[in-house]
file target.cif (mmCIF, N, CA and C atoms and all ligand atoms)
data_final
#
loop_
_atom_site.label_atom_id
_atom_site.label_comp_id
_atom_site.auth_asym_id
_atom_site.auth_seq_id
_atom_site.Cartn_x
_atom_site.Cartn_y
_atom_site.Cartn_z
N MET A 192 115.61 347.82 63.61
CA MET A 192 115.51 347.62 62.18
C MET A 192 114.71 346.33 61.91
N GLN A 193 113.75 346.44 61.05
CA GLN A 193 112.96 345.26 60.70
C GLN A 193 113.33 344.82 59.28
N ILE A 194 113.58 343.55 59.10
CA ILE A 194 113.89 343.02 57.76
C ILE A 194 112.74 342.12 57.36
N ILE A 195 112.13 342.44 56.23
CA ILE A 195 110.94 341.71 55.78
C ILE A 195 111.30 340.79 54.62
N PRO A 196 111.13 339.49 54.80
CA PRO A 196 111.44 338.57 53.70
C PRO A 196 110.32 338.56 52.66
N GLN A 197 110.69 338.48 51.40
CA GLN A 197 109.72 338.35 50.32
C GLN A 197 110.22 337.27 49.36
N ALA A 198 109.37 336.32 49.04
CA ALA A 198 109.77 335.25 48.11
C ALA A 198 109.50 335.72 46.68
N LEU A 199 110.42 336.48 46.12
CA LEU A 199 110.22 337.05 44.79
C LEU A 199 110.72 336.16 43.67
N PHE A 200 111.83 335.48 43.91
CA PHE A 200 112.44 334.68 42.84
C PHE A 200 112.51 333.22 43.27
N PRO A 201 111.86 332.36 42.52
CA PRO A 201 111.93 330.94 42.89
C PRO A 201 113.31 330.37 42.58
N SER A 202 113.69 329.33 43.30
CA SER A 202 114.93 328.61 42.99
C SER A 202 114.58 327.43 42.12
N MET A 203 115.02 327.47 40.90
CA MET A 203 114.75 326.36 39.99
C MET A 203 115.72 325.23 40.28
N VAL A 204 115.21 324.03 40.24
CA VAL A 204 116.07 322.84 40.33
C VAL A 204 115.72 321.96 39.15
N TRP A 205 116.67 321.76 38.28
CA TRP A 205 116.47 320.90 37.12
C TRP A 205 117.05 319.53 37.45
N SER A 206 116.47 318.50 36.90
CA SER A 206 117.08 317.18 37.10
C SER A 206 116.97 316.39 35.80
N THR A 207 117.85 315.46 35.66
CA THR A 207 117.85 314.61 34.48
C THR A 207 118.46 313.26 34.85
N LEU A 208 118.16 312.28 34.06
CA LEU A 208 118.76 310.96 34.23
C LEU A 208 119.39 310.56 32.91
N PHE A 209 120.59 310.05 32.93
CA PHE A 209 121.21 309.56 31.71
C PHE A 209 120.70 308.16 31.42
N ASP A 210 120.37 307.89 30.16
CA ASP A 210 119.84 306.58 29.79
C ASP A 210 120.81 305.45 30.14
N ASP A 211 122.10 305.72 30.00
CA ASP A 211 123.11 304.68 30.26
C ASP A 211 123.69 304.80 31.67
N ARG A 212 122.91 305.35 32.60
CA ARG A 212 123.48 305.68 33.91
C ARG A 212 124.07 304.50 34.65
N GLU A 213 123.52 303.33 34.46
CA GLU A 213 124.05 302.19 35.22
C GLU A 213 125.50 301.91 34.85
N ALA A 214 125.76 301.76 33.57
CA ALA A 214 127.13 301.50 33.10
C ALA A 214 128.01 302.74 33.30
N PHE A 215 127.45 303.90 32.99
CA PHE A 215 128.20 305.14 33.11
C PHE A 215 128.64 305.37 34.57
N ASN A 216 127.72 305.18 35.49
CA ASN A 216 128.04 305.41 36.90
C ASN A 216 129.05 304.38 37.42
N ALA A 217 128.95 303.15 36.94
CA ALA A 217 129.91 302.12 37.37
C ALA A 217 131.31 302.51 36.92
N MET A 218 131.42 302.98 35.68
CA MET A 218 132.71 303.43 35.15
C MET A 218 133.22 304.63 35.93
N LEU A 219 132.32 305.55 36.20
CA LEU A 219 132.68 306.76 36.94
C LEU A 219 133.16 306.43 38.35
N LEU A 220 132.45 305.52 38.99
CA LEU A 220 132.80 305.14 40.35
C LEU A 220 134.20 304.54 40.43
N GLU A 221 134.53 303.73 39.44
CA GLU A 221 135.88 303.16 39.37
C GLU A 221 136.93 304.27 39.31
N ARG A 222 136.69 305.23 38.46
CA ARG A 222 137.64 306.34 38.30
C ARG A 222 137.70 307.21 39.55
N ILE A 223 136.57 307.35 40.20
CA ILE A 223 136.53 308.13 41.44
C ILE A 223 137.35 307.44 42.52
N TYR A 224 137.21 306.12 42.63
CA TYR A 224 137.99 305.40 43.65
C TYR A 224 139.47 305.47 43.35
N ARG A 225 139.83 305.43 42.06
CA ARG A 225 141.25 305.59 41.70
C ARG A 225 141.75 306.99 42.09
N LEU A 226 140.89 307.97 41.88
CA LEU A 226 141.26 309.35 42.23
C LEU A 226 141.49 309.45 43.74
N ARG A 227 140.62 308.81 44.50
CA ARG A 227 140.79 308.85 45.96
C ARG A 227 142.07 308.11 46.38
N GLU A 228 142.35 306.98 45.69
CA GLU A 228 143.59 306.26 46.02
C GLU A 228 144.82 307.12 45.78
N SER A 229 144.74 307.97 44.77
CA SER A 229 145.90 308.83 44.45
C SER A 229 146.04 309.99 45.44
N ASP A 230 144.99 310.23 46.22
CA ASP A 230 145.01 311.35 47.16
C ASP A 230 144.08 311.01 48.33
N PRO A 231 144.49 310.04 49.15
CA PRO A 231 143.58 309.54 50.20
C PRO A 231 143.11 310.60 51.20
N ARG A 232 143.88 311.63 51.39
CA ARG A 232 143.46 312.67 52.35
C ARG A 232 142.46 313.65 51.74
N GLY A 233 142.56 313.84 50.41
CA GLY A 233 141.67 314.79 49.75
C GLY A 233 141.88 316.18 50.31
N ILE A 234 140.84 316.97 50.25
CA ILE A 234 140.95 318.32 50.83
C ILE A 234 139.86 318.51 51.89
N ILE A 235 140.15 319.39 52.80
CA ILE A 235 139.17 319.73 53.84
C ILE A 235 138.52 321.03 53.42
N LYS A 236 137.27 320.92 53.01
CA LYS A 236 136.58 322.13 52.56
C LYS A 236 135.15 322.14 53.09
N THR A 237 134.23 321.50 52.36
CA THR A 237 132.84 321.55 52.80
C THR A 237 132.30 320.19 53.26
N ASN A 238 132.97 319.11 52.86
CA ASN A 238 132.46 317.79 53.21
C ASN A 238 132.92 317.40 54.62
N VAL A 239 131.96 316.95 55.41
CA VAL A 239 132.25 316.54 56.78
C VAL A 239 132.04 315.04 56.89
N LYS A 240 133.02 314.34 57.41
CA LYS A 240 133.00 312.88 57.61
C LYS A 240 133.08 312.09 56.30
N GLY A 241 133.41 312.76 55.22
CA GLY A 241 133.55 312.06 53.95
C GLY A 241 134.88 312.39 53.32
N TRP A 242 134.99 312.19 52.03
CA TRP A 242 136.20 312.52 51.30
C TRP A 242 135.84 313.49 50.18
N GLN A 243 136.65 314.52 50.03
CA GLN A 243 136.42 315.50 48.97
C GLN A 243 137.69 315.65 48.15
N SER A 244 137.51 315.59 46.84
CA SER A 244 138.68 315.77 45.96
C SER A 244 138.95 317.26 45.80
N PRO A 245 140.15 317.57 45.34
CA PRO A 245 140.37 318.97 44.96
C PRO A 245 139.46 319.31 43.77
N ASN A 246 139.32 320.56 43.52
CA ASN A 246 138.47 321.07 42.44
C ASN A 246 139.22 320.95 41.10
N ILE A 247 139.33 319.70 40.61
CA ILE A 247 140.19 319.47 39.43
C ILE A 247 139.55 318.59 38.37
N LEU A 248 138.34 318.12 38.58
CA LEU A 248 137.77 317.17 37.63
C LEU A 248 137.75 317.70 36.20
N GLN A 249 137.50 318.99 36.07
CA GLN A 249 137.43 319.59 34.74
C GLN A 249 138.75 319.49 33.99
N ASP A 250 139.84 319.25 34.69
CA ASP A 250 141.16 319.19 34.06
C ASP A 250 141.67 317.77 33.86
N LEU A 251 140.90 316.78 34.31
CA LEU A 251 141.37 315.40 34.24
C LEU A 251 140.77 314.66 33.05
N PRO A 252 141.61 314.19 32.11
CA PRO A 252 141.09 313.50 30.92
C PRO A 252 140.21 312.31 31.25
N GLU A 253 140.49 311.59 32.36
CA GLU A 253 139.66 310.42 32.68
C GLU A 253 138.24 310.81 33.10
N PHE A 254 137.99 312.10 33.28
CA PHE A 254 136.63 312.55 33.60
C PHE A 254 136.01 313.36 32.46
N ASN A 255 136.59 313.22 31.26
CA ASN A 255 136.05 313.95 30.10
C ASN A 255 134.58 313.66 29.86
N ASP A 256 134.19 312.39 30.02
CA ASP A 256 132.78 312.02 29.76
C ASP A 256 131.81 312.82 30.62
N ILE A 257 132.06 312.83 31.91
CA ILE A 257 131.13 313.55 32.78
C ILE A 257 131.26 315.06 32.57
N ASN A 258 132.46 315.52 32.32
CA ASN A 258 132.63 316.96 32.06
C ASN A 258 131.81 317.39 30.85
N LEU A 259 131.85 316.60 29.79
CA LEU A 259 131.07 316.92 28.59
C LEU A 259 129.57 316.90 28.88
N ARG A 260 129.16 315.92 29.62
CA ARG A 260 127.72 315.82 29.94
C ARG A 260 127.26 316.99 30.80
N ILE A 261 128.09 317.39 31.73
CA ILE A 261 127.75 318.56 32.56
C ILE A 261 127.54 319.77 31.66
N LEU A 262 128.46 319.96 30.73
CA LEU A 262 128.35 321.12 29.84
C LEU A 262 127.14 321.01 28.91
N GLN A 263 126.83 319.80 28.47
CA GLN A 263 125.64 319.61 27.63
C GLN A 263 124.37 319.96 28.39
N VAL A 264 124.30 319.54 29.64
CA VAL A 264 123.12 319.85 30.45
C VAL A 264 123.03 321.37 30.65
N CYS A 265 124.17 322.01 30.94
CA CYS A 265 124.16 323.47 31.11
C CYS A 265 123.70 324.15 29.82
N ASP A 266 124.17 323.66 28.68
CA ASP A 266 123.74 324.23 27.39
C ASP A 266 122.23 324.15 27.23
N LYS A 267 121.67 322.99 27.56
CA LYS A 267 120.22 322.81 27.41
C LYS A 267 119.44 323.73 28.36
N ILE A 268 119.93 323.84 29.58
CA ILE A 268 119.26 324.73 30.53
C ILE A 268 119.39 326.17 30.05
N GLY A 269 120.60 326.54 29.60
CA GLY A 269 120.82 327.89 29.07
C GLY A 269 119.89 328.19 27.91
N GLU A 270 119.72 327.20 27.04
CA GLU A 270 118.81 327.34 25.89
C GLU A 270 117.39 327.60 26.37
N SER A 271 116.97 326.82 27.38
CA SER A 271 115.60 326.96 27.88
C SER A 271 115.39 328.32 28.55
N LEU A 272 116.47 328.91 29.02
CA LEU A 272 116.38 330.23 29.67
C LEU A 272 116.68 331.36 28.70
N LYS A 273 116.82 330.99 27.42
CA LYS A 273 117.06 331.98 26.36
C LYS A 273 118.40 332.72 26.53
N PHE A 274 119.40 331.99 27.02
CA PHE A 274 120.74 332.57 27.06
C PHE A 274 121.17 332.82 25.62
N ASN A 275 122.11 333.72 25.44
CA ASN A 275 122.69 333.94 24.12
C ASN A 275 123.19 332.60 23.56
N GLN A 276 122.86 332.32 22.29
CA GLN A 276 123.22 331.03 21.71
C GLN A 276 124.72 330.77 21.70
N ASN A 277 125.50 331.81 21.69
CA ASN A 277 126.95 331.64 21.66
C ASN A 277 127.57 331.57 23.06
N PHE A 278 126.69 331.56 24.05
CA PHE A 278 127.20 331.52 25.43
C PHE A 278 127.99 330.24 25.65
N GLU A 279 129.19 330.40 26.15
CA GLU A 279 130.02 329.22 26.37
C GLU A 279 130.20 328.96 27.86
N PHE A 280 129.62 327.86 28.31
CA PHE A 280 129.75 327.51 29.72
C PHE A 280 131.14 326.95 30.01
N ARG A 281 131.64 327.26 31.17
CA ARG A 281 132.83 326.62 31.72
C ARG A 281 132.42 326.07 33.07
N HIS A 282 133.09 325.07 33.52
CA HIS A 282 132.69 324.52 34.80
C HIS A 282 133.89 324.10 35.63
N GLN A 283 133.61 323.90 36.89
CA GLN A 283 134.57 323.34 37.83
C GLN A 283 133.84 322.21 38.55
N ALA A 284 134.57 321.15 38.83
CA ALA A 284 133.90 320.00 39.45
C ALA A 284 134.85 319.27 40.40
N TRP A 285 134.24 318.62 41.35
CA TRP A 285 135.00 317.85 42.32
C TRP A 285 134.11 316.71 42.79
N VAL A 286 134.69 315.83 43.56
CA VAL A 286 133.96 314.65 44.03
C VAL A 286 133.79 314.74 45.54
N ASN A 287 132.62 314.36 45.99
CA ASN A 287 132.39 314.12 47.42
C ASN A 287 132.04 312.65 47.57
N LEU A 288 132.75 311.96 48.42
CA LEU A 288 132.35 310.60 48.79
C LEU A 288 131.80 310.72 50.20
N SER A 289 130.52 310.51 50.30
CA SER A 289 129.83 310.75 51.57
C SER A 289 129.16 309.49 52.07
N PRO A 290 129.82 308.79 52.97
CA PRO A 290 129.18 307.62 53.56
C PRO A 290 128.03 308.07 54.47
N PRO A 291 127.19 307.14 54.90
CA PRO A 291 126.10 307.52 55.80
C PRO A 291 126.64 308.35 56.98
N GLY A 292 125.98 309.44 57.27
CA GLY A 292 126.40 310.32 58.36
C GLY A 292 127.24 311.49 57.89
N ALA A 293 127.77 311.41 56.67
CA ALA A 293 128.56 312.52 56.14
C ALA A 293 127.62 313.55 55.52
N PHE A 294 128.12 314.76 55.43
CA PHE A 294 127.29 315.83 54.84
C PHE A 294 128.18 316.96 54.37
N ASN A 295 127.59 317.88 53.64
CA ASN A 295 128.32 319.06 53.21
C ASN A 295 127.81 320.27 53.98
N LYS A 296 128.76 321.05 54.46
CA LYS A 296 128.40 322.27 55.19
C LYS A 296 127.75 323.26 54.24
N LEU A 297 126.94 324.12 54.79
CA LEU A 297 126.36 325.20 53.99
C LEU A 297 127.48 325.97 53.31
N HIS A 298 127.35 326.17 52.03
CA HIS A 298 128.40 326.90 51.31
C HIS A 298 127.80 327.56 50.08
N PHE A 299 128.58 328.39 49.45
CA PHE A 299 128.13 329.13 48.28
C PHE A 299 129.05 328.86 47.11
N HIS A 300 128.53 329.05 45.93
CA HIS A 300 129.33 328.95 44.72
C HIS A 300 129.29 330.33 44.05
N PRO A 301 130.15 331.23 44.49
CA PRO A 301 130.08 332.59 43.94
C PRO A 301 130.44 332.65 42.47
N ASN A 302 129.90 333.62 41.79
CA ASN A 302 130.19 333.88 40.36
C ASN A 302 129.82 332.72 39.45
N CYS A 303 128.76 332.00 39.79
CA CYS A 303 128.32 330.88 38.95
C CYS A 303 126.90 331.14 38.43
N HIS A 304 126.66 330.73 37.19
CA HIS A 304 125.30 330.79 36.66
C HIS A 304 124.45 329.67 37.27
N PHE A 305 125.06 328.49 37.37
CA PHE A 305 124.36 327.32 37.92
C PHE A 305 125.28 326.60 38.89
N SER A 306 124.65 325.88 39.80
CA SER A 306 125.37 324.92 40.63
C SER A 306 124.68 323.59 40.43
N GLY A 307 125.44 322.53 40.46
CA GLY A 307 124.81 321.24 40.21
C GLY A 307 125.45 320.12 40.99
N VAL A 308 124.70 319.04 41.06
CA VAL A 308 125.19 317.83 41.71
C VAL A 308 124.89 316.68 40.78
N TYR A 309 125.85 315.80 40.61
CA TYR A 309 125.59 314.57 39.89
C TYR A 309 125.79 313.42 40.87
N TYR A 310 124.72 312.65 41.10
CA TYR A 310 124.81 311.54 42.03
C TYR A 310 125.24 310.29 41.28
N VAL A 311 126.40 309.79 41.63
CA VAL A 311 126.93 308.59 40.98
C VAL A 311 126.35 307.35 41.66
N SER A 312 126.27 307.40 42.95
CA SER A 312 125.77 306.27 43.71
C SER A 312 124.93 306.81 44.84
N LEU A 313 123.70 306.45 44.84
CA LEU A 313 122.80 306.96 45.86
C LEU A 313 121.95 305.81 46.38
N LYS A 314 122.15 305.49 47.62
CA LYS A 314 121.42 304.36 48.19
C LYS A 314 120.42 304.89 49.21
N ALA A 315 119.27 305.25 48.71
CA ALA A 315 118.22 305.73 49.62
C ALA A 315 117.75 304.56 50.50
N PRO A 316 117.36 304.76 51.71
CA PRO A 316 117.28 306.06 52.37
C PRO A 316 118.53 306.44 53.17
N GLU A 317 119.59 305.56 53.12
CA GLU A 317 120.78 305.90 53.92
C GLU A 317 121.44 307.17 53.42
N CYS A 318 121.36 307.43 52.12
CA CYS A 318 121.96 308.63 51.55
C CYS A 318 120.85 309.51 51.00
N GLY A 319 120.98 310.78 51.21
CA GLY A 319 119.92 311.70 50.79
C GLY A 319 120.14 312.24 49.39
N SER A 320 119.34 313.17 49.02
CA SER A 320 119.50 313.86 47.74
C SER A 320 119.23 315.33 47.99
N ILE A 321 119.31 316.11 46.92
CA ILE A 321 119.03 317.54 47.07
C ILE A 321 117.59 317.70 47.54
FE FE A 401 128.56 322.89 46.52
#
call {"tool": "encode", "arguments": {"input": "target.cif", "output": "structure tokens"}}
result
Amino acid sequence: MQIIPQALFPSMVWSTLFDDREAFNAMLLERIYRLRESDPRGIIKTNVKGWQSPNILQDLPEFNDINLRILQVCDKIGESLKFNQNFEFRHQAWVNLSPPGAFNKLHFHPNCHFSGVYYVSLKAPECGSI
């Protein structure tokens, strides 16, 4: 059996920067470290050599700011793709703390319109990006 690959559909990657990212990320980082303190073991899922929170950010009031921004970005992308104007995005989010050498295993996000990453702290070149 021969399987022939064809590049029919491109993978779009959208990116954005928040104007207040410096202050916003500092605030977020503080809350992330508190979250890790409350659950130092985290969960073992896709992150290797780092720390991963449970998939609960969407339910935590202290992460309302980032949750709202995620949904705003999804709305804008949905708009650009001509999604129905009444389309209501829902999301799930978690944290990965990945020191140099840590990485995420190949994984999928089934039943999702979009998958995204928000980098709170990225120190190139020790830490990579998408
Ligand atoms: Fe992922």
call {"tool": "closest_atom_pairs", "arguments": {"input": "target.cif", "of": "chain A", "to": "ligand FE 401 (chain A)", "cutoff": "6.5 Å", "atoms": "all atoms listed in the file", "output": "Markdown table"}}
result
| residue | atom | partner | partner_atom | distance |
| --- | --- | --- | --- | --- |
| A:His298 | C | A:FE401 | FE | 5.9 |
| A:Phe299 | C | A:FE401 | FE | 6.0 |
| A:His300 | N | A:FE401 | FE | 6.2 |
call {"tool": "closest_residue", "arguments": {"input": "target.cif", "among": "A:Cys303, A:Ile223, A:Val239, A:Ile247", "to": "Cys265 in chain A", "atoms": "only C-alpha atoms"}}
result
A:Cys303
call {"tool": "select_by_dssp", "arguments": {"input": "target.cif", "residues": "chain A", "states": "helix (DSSP H, G or I)", "output": "PyMOL selection string"}}
result
chain A and resi 212-229+248-250+252-271
call {"tool": "residues_around", "arguments": {"input": "target.cif", "residues": "Trp242 in chain A", "least_positions_apart": "5", "cutoff": "7 Å", "atoms": "all atoms listed in the file", "output": "PyMOL selection string"}}
result
chain A and resi 232-234+286-290
call {"tool": "residues_around", "arguments": {"input": "target.cif", "residues": "Gly269 in chain A", "least_positions_apart": "6", "cutoff": "10 Å", "atoms": "only C-alpha atoms", "output": "number ranges by chain"}}
result
A: 263, 275-276, 278-280, 304-305
call {"tool": "closest_residue", "arguments": {"input": "target.cif", "among": "A:Glu270, A:Lys236, A:Asn216, A:Leu259", "to": "Leu313 in chain A", "atoms": "only C-alpha atoms"}}
result
A:Asn216
call {"tool": "atom_distance", "arguments": {"input": "target.cif", "atom1": "CA of Thr237 in chain A", "atom2": "CA of Leu297 in chain A"}}
result
7.5 Å
call {"tool": "select_by_dssp", "arguments": {"input": "target.cif", "residues": "chain A", "states": "strand (DSSP E or B)", "output": "compact mmCIF listing (two decimals) with N, CA and C atoms, keeping the file's coordinate frame"}}
result
# COMPACT_ATOMS: atom_id res chain seq x y z
N ASN A 238 132.97 319.11 52.86
CA ASN A 238 132.46 317.79 53.21
C ASN A 238 132.92 317.40 54.62
N VAL A 239 131.96 316.95 55.41
CA VAL A 239 132.25 316.54 56.78
C VAL A 239 132.04 315.04 56.89
N TRP A 242 134.99 312.19 52.03
CA TRP A 242 136.20 312.52 51.30
C TRP A 242 135.84 313.49 50.18
N GLN A 243 136.65 314.52 50.03
CA GLN A 243 136.42 315.50 48.97
C GLN A 243 137.69 315.65 48.15
N ASN A 287 132.62 314.36 45.99
CA ASN A 287 132.39 314.12 47.42
C ASN A 287 132.04 312.65 47.57
N LEU A 288 132.75 311.96 48.42
CA LEU A 288 132.35 310.60 48.79
C LEU A 288 131.80 310.72 50.20
N PHE A 294 128.12 314.76 55.43
CA PHE A 294 127.29 315.83 54.84
C PHE A 294 128.18 316.96 54.37
N ASN A 295 127.59 317.88 53.64
CA ASN A 295 128.32 319.06 53.21
C ASN A 295 127.81 320.27 53.98
call {"tool": "residues_around", "arguments": {"input": "target.cif", "residues": "Ile257 in chain A", "least_positions_apart": "5", "cutoff": "8 Å", "atoms": "only N, CA and C atoms", "output": "VMD selection string"}}
result
chain A and resid 219 248 to 249 262 to 263
call {"tool": "atom_distance", "arguments": {"input": "target.cif", "atom1": "CA of Trp285 in chain A", "atom2": "CA of Pro245 in chain A"}}
result
6.1 Å
call {"tool": "closest_residue", "arguments": {"input": "target.cif", "among": "A:Trp205, A:Phe200, A:Tyr224, A:Phe294", "to": "Ile268 in chain A", "atoms": "only C-alpha atoms"}}
result
A:Trp205
call {"tool": "atom_distance", "arguments": {"input": "target.cif", "atom1": "CA of Arg222 in chain A", "atom2": "atom N of Asn255 in chain A"}}
result
9.9 Å
call {"tool": "build_atoms", "arguments": {"input": "target.cif", "residues": "range 232-252 of chain A", "atoms": "N, CA, C and O atoms", "output": "mmCIF file, in the frame of the given file"}}
result
data_model
loop_
_atom_site.group_PDB
_atom_site.id
_atom_site.type_symbol
_atom_site.label_atom_id
_atom_site.label_comp_id
_atom_site.auth_asym_id
_atom_site.auth_seq_id
_atom_site.Cartn_x
_atom_site.Cartn_y
_atom_site.Cartn_z
ATOM 1 N N ARG A 232 143.880 311.630 51.390
ATOM 2 C CA ARG A 232 143.460 312.670 52.350
ATOM 3 C C ARG A 232 142.460 313.650 51.740
ATOM 4 O O ARG A 232 141.668 314.259 52.447
ATOM 5 N N GLY A 233 142.560 313.840 50.410
ATOM 6 C CA GLY A 233 141.670 314.790 49.750
ATOM 7 C C GLY A 233 141.880 316.180 50.310
ATOM 8 O O GLY A 233 142.963 316.503 50.806
ATOM 9 N N ILE A 234 140.840 316.970 50.250
ATOM 10 C CA ILE A 234 140.950 318.320 50.830
ATOM 11 C C ILE A 234 139.860 318.510 51.890
ATOM 12 O O ILE A 234 138.816 317.871 51.852
ATOM 13 N N ILE A 235 140.150 319.390 52.800
ATOM 14 C CA ILE A 235 139.170 319.730 53.840
ATOM 15 C C ILE A 235 138.520 321.030 53.420
ATOM 16 O O ILE A 235 139.144 322.090 53.426
ATOM 17 N N LYS A 236 137.270 320.920 53.010
ATOM 18 C CA LYS A 236 136.580 322.130 52.560
ATOM 19 C C LYS A 236 135.150 322.140 53.090
ATOM 20 O O LYS A 236 134.890 322.690 54.137
ATOM 21 N N THR A 237 134.230 321.500 52.360
ATOM 22 C CA THR A 237 132.840 321.550 52.800
ATOM 23 C C THR A 237 132.300 320.190 53.260
ATOM 24 O O THR A 237 131.282 320.129 53.929
ATOM 25 N N ASN A 238 132.970 319.110 52.860
ATOM 26 C CA ASN A 238 132.460 317.790 53.210
ATOM 27 C C ASN A 238 132.920 317.400 54.620
ATOM 28 O O ASN A 238 134.080 317.527 54.954
ATOM 29 N N VAL A 239 131.960 316.950 55.410
ATOM 30 C CA VAL A 239 132.250 316.540 56.780
ATOM 31 C C VAL A 239 132.040 315.040 56.890
ATOM 32 O O VAL A 239 130.996 314.524 56.478
ATOM 33 N N LYS A 240 133.020 314.340 57.410
ATOM 34 C CA LYS A 240 133.000 312.880 57.610
ATOM 35 C C LYS A 240 133.080 312.090 56.300
ATOM 36 O O LYS A 240 132.796 310.905 56.273
ATOM 37 N N GLY A 241 133.410 312.760 55.220
ATOM 38 C CA GLY A 241 133.550 312.060 53.950
ATOM 39 C C GLY A 241 134.880 312.390 53.320
ATOM 40 O O GLY A 241 135.813 312.813 54.015
ATOM 41 N N TRP A 242 134.990 312.190 52.030
ATOM 42 C CA TRP A 242 136.200 312.520 51.300
ATOM 43 C C TRP A 242 135.840 313.490 50.180
ATOM 44 O O TRP A 242 134.833 313.305 49.494
ATOM 45 N N GLN A 243 136.650 314.520 50.030
ATOM 46 C CA GLN A 243 136.420 315.500 48.970
ATOM 47 C C GLN A 243 137.690 315.650 48.150
ATOM 48 O O GLN A 243 138.781 315.806 48.691
ATOM 49 N N SER A 244 137.510 315.590 46.840
ATOM 50 C CA SER A 244 138.680 315.770 45.960
ATOM 51 C C SER A 244 138.950 317.260 45.800
ATOM 52 O O SER A 244 138.061 318.084 46.033
ATOM 53 N N PRO A 245 140.150 317.570 45.340
ATOM 54 C CA PRO A 245 140.370 318.970 44.960
ATOM 55 C C PRO A 245 139.460 319.310 43.770
ATOM 56 O O PRO A 245 138.938 318.426 43.089
ATOM 57 N N ASN A 246 139.320 320.560 43.520
ATOM 58 C CA ASN A 246 138.470 321.070 42.440
ATOM 59 C C ASN A 246 139.220 320.950 41.100
ATOM 60 O O ASN A 246 139.699 321.931 40.568
ATOM 61 N N ILE A 247 139.330 319.700 40.610
ATOM 62 C CA ILE A 247 140.190 319.470 39.430
ATOM 63 C C ILE A 247 139.550 318.590 38.370
ATOM 64 O O ILE A 247 140.175 318.328 37.338
ATOM 65 N N LEU A 248 138.340 318.120 38.580
ATOM 66 C CA LEU A 248 137.770 317.170 37.630
ATOM 67 C C LEU A 248 137.750 317.700 36.200
ATOM 68 O O LEU A 248 137.951 316.956 35.248
ATOM 69 N N GLN A 249 137.500 318.990 36.070
ATOM 70 C CA GLN A 249 137.430 319.590 34.740
ATOM 71 C C GLN A 249 138.750 319.490 33.990
ATOM 72 O O GLN A 249 138.779 319.629 32.766
ATOM 73 N N ASP A 250 139.840 319.250 34.690
ATOM 74 C CA ASP A 250 141.160 319.190 34.060
ATOM 75 C C ASP A 250 141.670 317.770 33.860
ATOM 76 O O ASP A 250 142.761 317.575 33.342
ATOM 77 N N LEU A 251 140.900 316.780 34.310
ATOM 78 C CA LEU A 251 141.370 315.400 34.240
ATOM 79 C C LEU A 251 140.770 314.660 33.050
ATOM 80 O O LEU A 251 139.547 314.495 32.976
ATOM 81 N N PRO A 252 141.610 314.190 32.110
ATOM 82 C CA PRO A 252 141.090 313.500 30.920
ATOM 83 C C PRO A 252 140.210 312.310 31.250
ATOM 84 O O PRO A 252 139.255 312.029 30.527
#
